[in-house]
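J.: Quick one: this structure, given as structure tokens, is what I'll be asking you about.
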Amino acid sequence: MNFSTWIDAFMRSYSAFDFSRRGFLRSLVGGSVLFPGLVSQLMAEDEARSGPADPLLARAPHFAPRAKRVIFLYMSGGVSHVDSWDHKPKLFADAGKTLSVDEFQGRRGEFKMFAKRPQWSFAPHGKCGTEASSLFPHMAECVDDLCVIRSMKSDHTNHYEATLGIHTGSFTFARPSIGSWISYGLGTENRNLPSFIVIAPKTPYAGGQVWASDFLPGAHQGTLVLPGTEPVAHLKRRAATGRLQELELGAMEKMNQRHLATRAGDPLLGARIKSFETAFGMQAEMPEVFDLSKESDATLKLYGLTRGSTKGFAWQCLVARRLAERGVRFVELIDAGSSDNWDAHGDMLTHTPLAKNVDQAIAGLLRDLKARGMFDDTLVVWTTEFGRTPFNAAADAKGREHHHWVFSSWLAGAGVKPGSVYGESDDYGINVAKNGVHIHDFHATILHLMGLDHERLTYRHTGRDYRLTDVHGHVVKGILA
């Protein structure tokens, strides 16, 4: 008996028993008539959960998209809007004066606060004249390509919940990340690479839930890349030769498919099998993504990257461009972890080195995309989980606290109105004054630019249809070109 015949015989005997969820439901149907409605519902969910045989198969969008891909730039910890993108002359003029607010750090009541002067100066930039601060001098030079949103708002003032919200639309429960939803809605363009990749030097608030697929098929979960000499572990094959690896994988594939056939509709098992296939493709293509040796000196200088370096946001941005070139649908870059980030309670000057890490790199990414003809079909998103208070409890406080009532983000590239500002905060940057953009609206708009209707992109789970925007959200048409 040869090896292949032995595998066939082994798998036939091993598969004699049906331990799948579907098998259990069929047994329940056969043995009871007490709960036919419930069983019917569970069977329907089981069918929906099984989905297409190939969860990463490229699928048509709901309508013609403006963007083919997303590069999502996430600044962890809460960037101060009044020190970066939202100029408030009155906050400069009235620094030290008392203000009255009805909530402070999640506590309701009447609070007397002191207006705090912004740490950086503002000036108009570009032909459009959008005002930006000296905190981000390189990005300020790109304002003609940006749509700055000055009326973002969130539902939570804590890092964990706010981070979960900006990524999943849920502030209290784990839900699929926006990258997972886009992967689920559109599939992948390159079978050798994951459709959703996250590049982060450290673990952010909310941990892996930031890129988790939750109840969506596991194939849509983000793949984590760590800046450094080994961004993805075990990329080099262990088999002595490529031919031996092919034989091993062929045998494994046959066993996996027989195993899966007896457990139809098991999303976790299907995801594990697909992960083996993707991993094999990554061995072939991912090393090339990380090999920056052929990038010109001019390109490296554009990003502010020293040749040979594998650290810093400049490396992340350049690798993001290379992933985007190779058909990855959603690339997220996280600049810091759950410490040593933009959470400037003690001193706003801690923003300075963080800004230096990302500023030139992001500006370089925008310019590089334009030079390569990719800007018009790539959506670039810059955001944080919330802003920082324009006031503080002490007149001499050096830092700022969490502020989710209003903050700033920006979009650039595919389908976005360039050189524009959308929404306003009040004179001190405390509340939304005009055209508020909730997290759900933000998500709905990103999906829209990718050709996906946020109300139609749903997944049946625990008896209801879930979506990224839950039962909320509107496309912000005012930012669309």
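Here, A, B, ... name the chains of the structure tokens in the order displayed, residue numbers run from 1 inside each chain, and ligands are numbered from 1 in the same displayed order.
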Show me, as JSON lines, the residues of segment 128-238 of chain A having an atom within 7 Å of segment 100-124 of chain A, each with the closest atom pair and its distance in Å, using only C-alpha atoms.

T.:
```
{"residue": "A:Gly129", "atom": "CA", "partner": "A:Pro124", "partner_atom": "CA", "distance": 4.6}
{"residue": "A:Thr130", "atom": "CA", "partner": "A:Pro124", "partner_atom": "CA", "distance": 5.2}
{"residue": "A:Glu131", "atom": "CA", "partner": "A:Pro124", "partner_atom": "CA", "distance": 4.0}
{"residue": "A:Ala132", "atom": "CA", "partner": "A:Phe122", "partner_atom": "CA", "distance": 5.4}
{"residue": "A:Ser133", "atom": "CA", "partner": "A:Phe122", "partner_atom": "CA", "distance": 4.1}
{"residue": "A:Ser134", "atom": "CA", "partner": "A:Trp120", "partner_atom": "CA", "distance": 5.8}
{"residue": "A:Leu135", "atom": "CA", "partner": "A:Trp120", "partner_atom": "CA", "distance": 6.2}
{"residue": "A:Thr157", "atom": "CA", "partner": "A:Gly106", "partner_atom": "CA", "distance": 6.5}
```

J.: Would you save the residues of that selection, restricted to N, CA and C atoms, as a PDB file, in the first residue's frame?

T.:
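Output saved as again.pdb:
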```pdb
ATOM      1  N   GLY A 129      -5.269  76.567   1.885  1.00  0.00           N
ATOM      2  CA  GLY A 129      -5.203  77.394   3.084  1.00  0.00           C
ATOM      3  C   GLY A 129      -5.635  76.698   4.363  1.00  0.00           C
ATOM      4  N   THR A 130      -5.735  75.386   4.342  1.00  0.00           N
ATOM      5  CA  THR A 130      -6.102  74.663   5.565  1.00  0.00           C
ATOM      6  C   THR A 130      -5.053  74.910   6.645  1.00  0.00           C
ATOM      7  N   GLU A 131      -5.518  75.251   7.826  1.00  0.00           N
ATOM      8  CA  GLU A 131      -4.611  75.515   8.934  1.00  0.00           C
ATOM      9  C   GLU A 131      -4.196  74.212   9.609  1.00  0.00           C
ATOM     10  N   ALA A 132      -2.921  74.084   9.848  1.00  0.00           N
ATOM     11  CA  ALA A 132      -2.368  72.931  10.554  1.00  0.00           C
ATOM     12  C   ALA A 132      -1.242  73.433  11.434  1.00  0.00           C
ATOM     13  N   SER A 133      -0.906  72.663  12.462  1.00  0.00           N
ATOM     14  CA  SER A 133       0.088  73.141  13.423  1.00  0.00           C
ATOM     15  C   SER A 133       1.497  72.711  13.048  1.00  0.00           C
ATOM     16  N   SER A 134       2.448  73.315  13.737  1.00  0.00           N
ATOM     17  CA  SER A 134       3.857  72.992  13.519  1.00  0.00           C
ATOM     18  C   SER A 134       4.236  71.643  14.111  1.00  0.00           C
ATOM     19  N   LEU A 135       3.296  70.954  14.767  1.00  0.00           N
ATOM     20  CA  LEU A 135       3.553  69.607  15.267  1.00  0.00           C
ATOM     21  C   LEU A 135       3.816  68.655  14.108  1.00  0.00           C
ATOM     22  N   THR A 157     -14.710  57.524  26.709  1.00  0.00           N
ATOM     23  CA  THR A 157     -13.518  58.289  27.068  1.00  0.00           C
ATOM     24  C   THR A 157     -12.349  57.425  27.525  1.00  0.00           C
TER      25      THR A 157
END
```

J.: Using only C-alpha atoms, tabulate the residues of segment 74-165 of chain A lying at most 10 Å from any atom of segment 362-375 of chain A, each with its closest atom pair and that distance in Å to one decimal, by chain and increasing residue number, as CSV.

T.:
```
residue,atom,partner,partner_atom,distance
A:Phe136,CA,A:Ala363,CA,9.5
A:Pro137,CA,A:Ala363,CA,9.4
A:His138,CA,A:Ala363,CA,5.8
A:Met139,CA,A:Ala363,CA,5.1
A:Ala140,CA,A:Ala363,CA,8.5
A:Glu141,CA,A:Ala363,CA,8.0
A:Cys142,CA,A:Ala363,CA,6.7
A:Val143,CA,A:Ala363,CA,9.9
A:Asp145,CA,A:Leu366,CA,8.5
A:Leu146,CA,A:Leu366,CA,9.8
```

J.: Store the residues of this selection in a file with N, CA and C atoms, as a PDB file, in the first residue's frame.

T.:
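The result, stored in result19.pdb:
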```pdb
ATOM      1  N   PHE A 136       3.109  68.880  12.973  1.00  0.00           N
ATOM      2  CA  PHE A 136       3.233  68.014  11.800  1.00  0.00           C
ATOM      3  C   PHE A 136       3.652  68.838  10.579  1.00  0.00           C
ATOM      4  N   PRO A 137       4.883  69.321  10.521  1.00  0.00           N
ATOM      5  CA  PRO A 137       5.284  70.196   9.406  1.00  0.00           C
ATOM      6  C   PRO A 137       5.258  69.519   8.047  1.00  0.00           C
ATOM      7  N   HIS A 138       5.583  68.222   7.977  1.00  0.00           N
ATOM      8  CA  HIS A 138       5.592  67.523   6.685  1.00  0.00           C
ATOM      9  C   HIS A 138       4.169  67.242   6.197  1.00  0.00           C
ATOM     10  N   MET A 139       3.318  66.767   7.074  1.00  0.00           N
ATOM     11  CA  MET A 139       1.921  66.540   6.675  1.00  0.00           C
ATOM     12  C   MET A 139       1.228  67.845   6.329  1.00  0.00           C
ATOM     13  N   ALA A 140       1.612  68.920   7.008  1.00  0.00           N
ATOM     14  CA  ALA A 140       1.015  70.232   6.711  1.00  0.00           C
ATOM     15  C   ALA A 140       1.250  70.638   5.267  1.00  0.00           C
ATOM     16  N   GLU A 141       2.373  70.198   4.704  1.00  0.00           N
ATOM     17  CA  GLU A 141       2.672  70.508   3.300  1.00  0.00           C
ATOM     18  C   GLU A 141       1.783  69.731   2.331  1.00  0.00           C
ATOM     19  N   CYS A 142       1.058  68.745   2.844  1.00  0.00           N
ATOM     20  CA  CYS A 142       0.207  67.890   2.000  1.00  0.00           C
ATOM     21  C   CYS A 142      -1.272  68.220   2.106  1.00  0.00           C
ATOM     22  N   VAL A 143      -1.620  69.346   2.749  1.00  0.00           N
ATOM     23  CA  VAL A 143      -3.039  69.608   3.019  1.00  0.00           C
ATOM     24  C   VAL A 143      -3.874  69.734   1.742  1.00  0.00           C
ATOM     25  N   ASP A 145      -4.030  67.724  -0.476  1.00  0.00           N
ATOM     26  CA  ASP A 145      -4.506  66.373  -0.788  1.00  0.00           C
ATOM     27  C   ASP A 145      -5.406  65.794   0.301  1.00  0.00           C
ATOM     28  N   LEU A 146      -5.584  66.522   1.408  1.00  0.00           N
ATOM     29  CA  LEU A 146      -6.315  65.983   2.556  1.00  0.00           C
ATOM     30  C   LEU A 146      -7.724  66.537   2.666  1.00  0.00           C
TER      31      LEU A 146
END
```

J.: Under the rule that only C-alpha atoms are counted, which of A:Asp214, A:Glu161, A:Glu401, A:Glu288 is the nearest residue to Trp342 of chain A?

T.: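 Comparing A:Asp214, A:Glu161, A:Glu401, A:Glu288 against Trp342 of chain A, the winner is A:Glu401.
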
J.: Which residue, A:Asp377, A:Leu318, A:Ile197, A:Arg329, has the smallest gap to Ser296 of chain A when you use only C-alpha atoms?

T.: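 Of A:Asp377, A:Leu318, A:Ile197, A:Arg329, the one nearest Ser296 of chain A, counting only C-alpha atoms, is A:Leu318.
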
J.: Which residue out of A:Leu447, A:Leu235, A:Val148, A:Ala414 has the minimum interatomic distance to Ala67 of chain A when only C-alpha atoms are used?

T.: A:Ala414

J.: Mind checking which residues fall within 7 Å of Tyr74 of chain A, counting only C-alpha atoms, ignoring those fewer than 5 positions away in the same chain, and posting them as a PyMOL selection string?

T.: chain A and resi 333-335+382-384

J.: Would you output that residue set with C-alpha atoms, as a compact mmCIF listing (two decimals), in the first residue's frame?

T.:
```txt
# COMPACT_ATOMS: atom_id res chain seq x y z
CA LEU A 333 -0.30 50.81 10.58
CA ILE A 334 -0.26 51.36 14.33
CA ASP A 335 2.49 53.65 15.53
CA TRP A 382 -5.44 58.99 9.51
CA THR A 383 -7.11 58.80 12.90
CA THR A 384 -6.80 58.31 16.63
```

J.: Please, which residues of segment 311-421 of chain A, numbered as in this document, come out alpha helix (DSSP H) from DSSP, as a count of residues only?

T.: 35

J.: Could you check which of A:Thr188, A:Phe63, A:Gly207, A:Pro231 is closest to Asp453 of chain A, using only C-alpha atoms?

T.: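 The answer is A:Phe63, which sits nearest to Asp453 of chain A.
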
J.: Env of Gln316 of chain A: 10 Å cut, atoms = only C-alpha atoms, seq-sep filter 6 positions within chain, self excluded. Answer as a VMD selection string.

T.: chain A and resid 198 to 201 225 to 227 303 305 310 322 332 to 335 358 361 to 362 365

J.: Find the distance between atom CA of Ala433 of chain A and atom CA of Arg150 of chain A and write it in Å to one decimal.

T.: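 Pair atom CA of Ala433 of chain A / atom CA of Arg150 of chain A returns 9.7 Å.
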
J.: For Lys153 of chain A, which residue among A:Glu189, A:Glu385, A:Glu455, A:Asp465 is the nearest when counting only C-alpha atoms?

T.: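 Looking only at the distances to Lys153 of chain A, the closest residue turns out to be A:Glu385.
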